[in-house]
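Structure file query_27.txt (compact mmCIF, C-alpha atoms) is printed below.
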```txt
# COMPACT_ATOMS: atom_id res chain seq x y z
CA MET Z 1 -92.84 12.72 27.06
CA THR Z 2 -89.37 14.14 26.46
CA LEU Z 3 -87.82 10.98 27.95
CA LEU Z 4 -89.97 8.74 25.75
CA ARG Z 5 -88.83 10.32 22.49
CA PRO Z 6 -85.10 9.40 22.90
CA LEU Z 7 -86.07 5.95 24.15
CA LEU Z 8 -88.29 5.43 21.11
CA LEU Z 9 -85.47 6.58 18.83
CA ILE Z 10 -83.08 4.06 20.41
CA VAL Z 11 -85.62 1.25 19.97
CA LEU Z 12 -86.25 2.21 16.35
CA CYS Z 13 -82.54 2.35 15.57
CA THR Z 14 -82.01 -1.02 17.22
CA LEU Z 15 -84.84 -2.53 15.20
CA GLY Z 16 -83.72 -0.69 12.08
CA SER Z 17 -81.53 -3.43 10.69
CA ALA Z 18 -84.20 -6.08 11.26
CA ALA Z 19 -86.92 -3.83 9.85
CA LEU Z 20 -84.94 -3.37 6.66
CA ALA Z 21 -84.84 -7.09 5.89
CA ASP Z 22 -85.58 -6.67 2.20
CA ARG Z 23 -84.29 -3.10 1.73
CA GLN Z 24 -85.71 -2.97 -1.82
CA GLU Z 25 -82.30 -3.83 -3.29
CA ASP Z 26 -83.35 -6.56 -5.73
CA PRO Z 27 -81.60 -6.13 -9.13
CA GLU Z 28 -84.79 -7.17 -10.93
CA LEU Z 29 -86.61 -4.34 -9.13
CA GLY Z 30 -83.96 -1.91 -10.36
CA LYS Z 31 -84.71 -2.84 -13.98
CA LEU Z 32 -88.43 -2.30 -13.42
CA LEU Z 33 -87.81 1.08 -11.80
CA GLN Z 34 -85.62 2.13 -14.73
CA GLN Z 35 -88.45 1.21 -17.13
CA ALA Z 36 -91.02 3.00 -14.94
CA ILE Z 37 -89.02 6.23 -14.87
CA ALA Z 38 -88.74 6.12 -18.67
CA ALA Z 39 -92.47 5.35 -19.18
CA ASP Z 40 -94.66 7.83 -21.02
CA ARG Z 41 -97.18 10.08 -19.37
CA CYS Z 42 -100.42 8.45 -18.32
CA PHE Z 43 -103.46 8.87 -20.54
CA GLU Z 44 -106.61 8.22 -18.56
CA ASP Z 45 -110.32 8.11 -18.96
CA LYS Z 46 -111.23 11.65 -17.86
CA TYR Z 47 -114.57 10.57 -16.39
CA ASP Z 48 -112.92 7.85 -14.30
CA GLN Z 49 -110.34 10.36 -13.11
CA GLN Z 50 -113.04 12.91 -12.15
CA VAL Z 51 -114.98 10.31 -10.15
CA TRP Z 52 -111.77 9.32 -8.33
CA HIS Z 53 -110.93 12.94 -7.59
CA ALA Z 54 -114.44 13.72 -6.32
CA ALA Z 55 -114.37 10.70 -3.98
CA MET Z 56 -110.88 11.18 -2.59
CA GLU Z 57 -110.31 14.95 -2.58
CA PRO Z 58 -112.46 15.68 0.51
CA LYS Z 59 -110.64 12.98 2.49
CA LEU Z 60 -107.22 14.23 1.42
CA GLN Z 61 -108.18 17.86 2.09
CA ARG Z 62 -108.08 17.12 5.83
CA ILE Z 63 -104.41 16.15 5.52
CA VAL Z 64 -102.94 18.18 2.63
CA ALA Z 65 -103.85 21.87 2.80
CA ASP Z 66 -102.56 22.93 -0.63
CA GLN Z 67 -105.17 22.33 -3.35
CA ALA Z 68 -102.65 22.02 -6.19
CA GLU Z 69 -100.60 19.47 -4.25
CA ARG Z 70 -103.74 17.44 -3.46
CA ALA Z 71 -104.72 17.43 -7.13
CA GLU Z 72 -101.21 16.35 -8.16
CA ILE Z 73 -101.14 13.52 -5.61
CA LEU Z 74 -104.58 12.28 -6.64
CA TYR Z 75 -103.76 12.45 -10.34
CA HIS Z 76 -100.50 10.51 -10.03
CA VAL Z 77 -101.86 7.92 -7.59
CA HIS Z 78 -104.75 7.19 -9.93
CA CYS Z 79 -102.55 7.18 -13.02
CA GLU Z 80 -99.87 4.87 -11.59
CA ALA Z 81 -102.38 2.57 -9.91
CA LYS Z 82 -104.20 2.12 -13.22
CA ARG Z 83 -100.93 1.69 -15.14
CA LEU Z 84 -99.78 -1.07 -12.79
CA ASN Z 85 -103.17 -2.62 -11.98
CA LEU Z 86 -103.02 -1.64 -8.31
CA PRO Z 87 -105.99 -0.63 -6.19
CA PRO Z 88 -105.61 3.17 -5.96
CA GLY Z 89 -106.98 3.13 -2.41
CA LEU Z 90 -104.16 0.79 -1.40
CA VAL Z 91 -101.62 3.27 -2.75
CA MET Z 92 -103.31 6.05 -0.75
CA ALA Z 93 -103.18 3.88 2.39
CA VAL Z 94 -99.46 3.17 1.87
CA ILE Z 95 -98.72 6.89 1.45
CA ASP Z 96 -100.83 7.73 4.49
CA VAL Z 97 -98.94 5.27 6.69
CA GLU Z 98 -95.50 5.90 5.20
CA SER Z 99 -95.44 9.72 5.21
CA ARG Z 100 -98.88 11.06 6.12
CA PHE Z 101 -98.79 12.65 2.64
CA ASP Z 102 -95.70 14.70 3.47
CA ARG Z 103 -93.60 14.72 0.31
CA TRP Z 104 -90.64 16.06 2.34
CA ALA Z 105 -90.71 13.15 4.82
CA VAL Z 106 -87.44 11.39 5.62
CA SER Z 107 -87.47 8.16 7.64
CA TYR Z 108 -84.90 7.12 10.23
CA ALA Z 109 -83.57 4.72 7.54
CA GLY Z 110 -83.20 7.60 5.06
CA ALA Z 111 -86.21 6.74 2.86
CA LEU Z 112 -87.65 9.80 1.14
CA GLY Z 113 -90.93 11.31 0.04
CA LEU Z 114 -94.56 10.29 -0.02
CA MET Z 115 -93.94 6.58 -0.53
CA GLN Z 116 -90.61 6.53 1.33
CA ILE Z 117 -88.27 5.40 -1.43
CA MET Z 118 -84.84 4.21 -0.35
CA PRO Z 119 -82.14 6.78 -1.20
CA PHE Z 120 -79.86 4.42 -3.12
CA TRP Z 121 -82.32 4.22 -6.04
CA PRO Z 122 -81.63 7.68 -7.48
CA ARG Z 123 -77.90 6.96 -7.70
CA GLN Z 124 -78.55 3.61 -9.39
CA LEU Z 125 -81.05 5.11 -11.82
CA GLY Z 126 -79.11 8.24 -12.71
CA MET Z 127 -81.42 10.51 -10.74
CA THR Z 128 -80.90 12.87 -7.83
CA ASN Z 129 -82.33 12.49 -4.32
CA GLU Z 130 -84.18 15.73 -5.00
CA GLN Z 131 -86.32 13.88 -7.53
CA LEU Z 132 -87.61 11.60 -4.77
CA VAL Z 133 -89.50 14.47 -3.17
CA ARG Z 134 -91.22 15.25 -6.46
CA ILE Z 135 -94.71 13.81 -6.44
CA PRO Z 136 -94.77 12.14 -9.89
CA GLN Z 137 -91.40 10.37 -9.56
CA ASN Z 138 -91.96 9.28 -5.98
CA ILE Z 139 -95.40 7.84 -6.64
CA ARG Z 140 -94.26 6.15 -9.86
CA MET Z 141 -91.32 4.49 -8.10
CA GLY Z 142 -93.36 3.56 -5.02
CA CYS Z 143 -96.13 2.00 -7.09
CA THR Z 144 -93.59 0.07 -9.16
CA ILE Z 145 -91.98 -1.28 -5.98
CA LEU Z 146 -95.38 -2.21 -4.52
CA ARG Z 147 -96.42 -3.98 -7.75
CA PHE Z 148 -93.09 -5.88 -7.79
CA TYR Z 149 -93.69 -7.16 -4.26
CA LEU Z 150 -97.33 -8.03 -4.95
CA ASP Z 151 -96.19 -10.10 -7.93
CA ARG Z 152 -93.41 -11.73 -5.91
CA GLU Z 153 -95.90 -12.61 -3.14
CA LYS Z 154 -98.53 -13.84 -5.64
CA GLY Z 155 -101.06 -11.15 -4.69
CA ASP Z 156 -100.76 -11.58 -0.91
CA TYR Z 157 -101.21 -7.99 0.30
CA ALA Z 158 -99.93 -8.60 3.82
CA ARG Z 159 -96.69 -10.22 2.67
CA ALA Z 160 -96.14 -7.70 -0.15
CA LEU Z 161 -96.65 -4.78 2.23
CA ALA Z 162 -94.24 -6.32 4.72
CA ARG Z 163 -91.62 -6.54 1.95
CA TYR Z 164 -92.35 -2.95 0.91
CA ASN Z 165 -91.73 -1.82 4.48
CA GLY Z 166 -88.79 -4.14 5.12
CA SER Z 167 -90.64 -5.93 7.89
CA VAL Z 168 -90.84 -9.43 6.40
CA GLY Z 169 -92.23 -11.91 8.91
CA ARG Z 170 -94.18 -9.30 10.88
CA ARG Z 171 -97.77 -8.19 10.31
CA THR Z 172 -97.81 -4.89 12.18
CA TYR Z 173 -97.13 -2.61 9.20
CA SER Z 174 -99.33 -4.49 6.75
CA ASP Z 175 -102.19 -4.61 9.26
CA VAL Z 176 -101.97 -0.83 9.76
CA VAL Z 177 -102.00 -0.19 5.99
CA LEU Z 178 -104.89 -2.57 5.36
CA LEU Z 179 -106.87 -1.06 8.23
CA ARG Z 180 -106.22 2.44 6.83
CA LEU Z 181 -107.39 1.18 3.42
CA ALA Z 182 -110.61 -0.23 4.86
CA ASN Z 183 -111.38 2.74 7.10
CA ARG Z 184 -110.25 5.72 5.06
CA TRP Z 185 -109.14 5.04 1.47
CA LYS Z 186 -111.43 2.28 0.16
CA TYR Z 187 -112.39 3.02 -3.42
CA ASP Z 188 -114.39 0.74 -5.71
```
Starting from the file, give its structure as structure tokens.
Amino acid sequence: MTLLRPLLLIVLCTLGSAALADRQEDPELGKLLQQAIAADRCFEDKYDQQVWHAAMEPKLQRIVADQAERAEILYHVHCEAKRLNLPPGLVMAVIDVESRFDRWAVSYAGALGLMQIMPFWPRQLGMTNEQLVRIPQNIRMGCTILRFYLDREKGDYARALARYNGSVGRRTYSDVVLLRLANRWKYD
């Protein structure tokens, strides 16, 4: 096992440049993220929000121990998904695969937080990297990026997810996210 870990790290680093094919560096995406960060607080239908919370909280409880953090994640996922017309279960599946709901997660490529936002965005948007581990900002930026790629790929989830992950041309990541959506985070 100890020999496998360094070998896996070498393979990941070697694939790193290929896996970051898109790298989320589109100037048009930057404008959308700037608008998203400046957007007002979400005003939701309280009943809709309570139904969402009741359906998802028990599933998330198995992964995130802290009740306040679970509530904050669920609130912001629901809010941003509704704001951007995204399936909230898809957002949960992306977070699950990207960080396993660890807001302190850092990828080998340097992506940060729940939705693994690339670290160059804070500098470009006048933010700090610290803001990327904050639940509201990370989810808002991640959902905006996901919506951008869904629009670019004309609603094709597999292709949009591959762009989100920087793995354009490969289905592995998108298949894992879509399977996680179907098996764990489906919400009607």
Per-residue nearest contacts of stretch 43-123 of chain Z to stretch 133-157 of chain Z (8 Å; only C-alpha atoms) as a Markdown table:
```
| residue | atom | partner | partner_atom | distance |
| --- | --- | --- | --- | --- |
| Z:Glu72 | CA | Z:Ile135 | CA | 7.2 |
| Z:Ile73 | CA | Z:Ile135 | CA | 6.5 |
| Z:His76 | CA | Z:Pro136 | CA | 6.0 |
| Z:Val77 | CA | Z:Ile139 | CA | 6.5 |
| Z:Glu80 | CA | Z:Arg140 | CA | 6.0 |
| Z:Ala81 | CA | Z:Cys143 | CA | 6.9 |
| Z:Leu84 | CA | Z:Arg147 | CA | 6.7 |
| Z:Leu86 | CA | Z:Arg147 | CA | 7.0 |
| Z:Val91 | CA | Z:Cys143 | CA | 7.1 |
| Z:Arg103 | CA | Z:Val133 | CA | 5.4 |
| Z:Trp104 | CA | Z:Val133 | CA | 5.8 |
| Z:Leu112 | CA | Z:Val133 | CA | 6.6 |
| Z:Gly113 | CA | Z:Val133 | CA | 4.7 |
| Z:Leu114 | CA | Z:Asn138 | CA | 6.6 |
| Z:Met115 | CA | Z:Gly142 | CA | 5.4 |
| Z:Gln116 | CA | Z:Gly142 | CA | 7.5 |
| Z:Ile117 | CA | Z:Gly142 | CA | 6.5 |
```
request  = Would you work out the distance separating atom CA of Z:Lys186 from atom CA of Z:Gly89, expressed in Å to one decimal?
outcome  =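 Separation between atom CA of Z:Lys186 and atom CA of Z:Gly89: 5.2 Å.
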Atom CA of Z:Tyr108 to atom CA of Z:Gly166, distance in Å rounded to a single decimal =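 About the pair atom CA of Z:Tyr108 and atom CA of Z:Gly166: they are 13.0 Å apart.
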request  = Can you pull out every residue within 9 Å of Z:Pro122, counting only C-alpha atoms, but drop anything in the same chain fewer than 6 positions away, and send it as number ranges by chain?
outcome  = Z: 128-132
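Rounded to one decimal, atom CA of Z:Val64 and atom CA of Z:Phe101 lie 6.9 Å from each other.
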task = Choose the residue, out of Z:Ala162, Z:Met127, Z:Leu181, Z:Ala71, that has the smallest atom-to-atom separation from Z:Pro87; count only C-alpha atoms.
result =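 Looking at the shortest contact to Z:Pro87, the residue is Z:Leu181.
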key: Given only C-alpha atoms as the counted atoms, nearest of Z:Met118, Z:Ala111, Z:Leu178, Z:Ile63 to Z:Val94   =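 Result for the nearest residue to Z:Val94: Z:Leu178.
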inquiry  = Would you pick out the contacts of Z:Ala182 at 10 Å or less, using only C-alpha atoms, so that residues sharing its chain but fewer than 5 positions from it are not included, and give the list as a list in words?
reply    =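 Those residues are Gly89, Leu90, Ala93, Val176, Val177 and Tyr187 of chain Z.
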task = Please tell me which residues are no farther than 6 Å from (-106.8, 10.2, -5.2) in the file, counting all atoms listed in the file, and write them as an MDAnalysis selection string.
result = chainID Z and resid 52:53 56 74 77:78
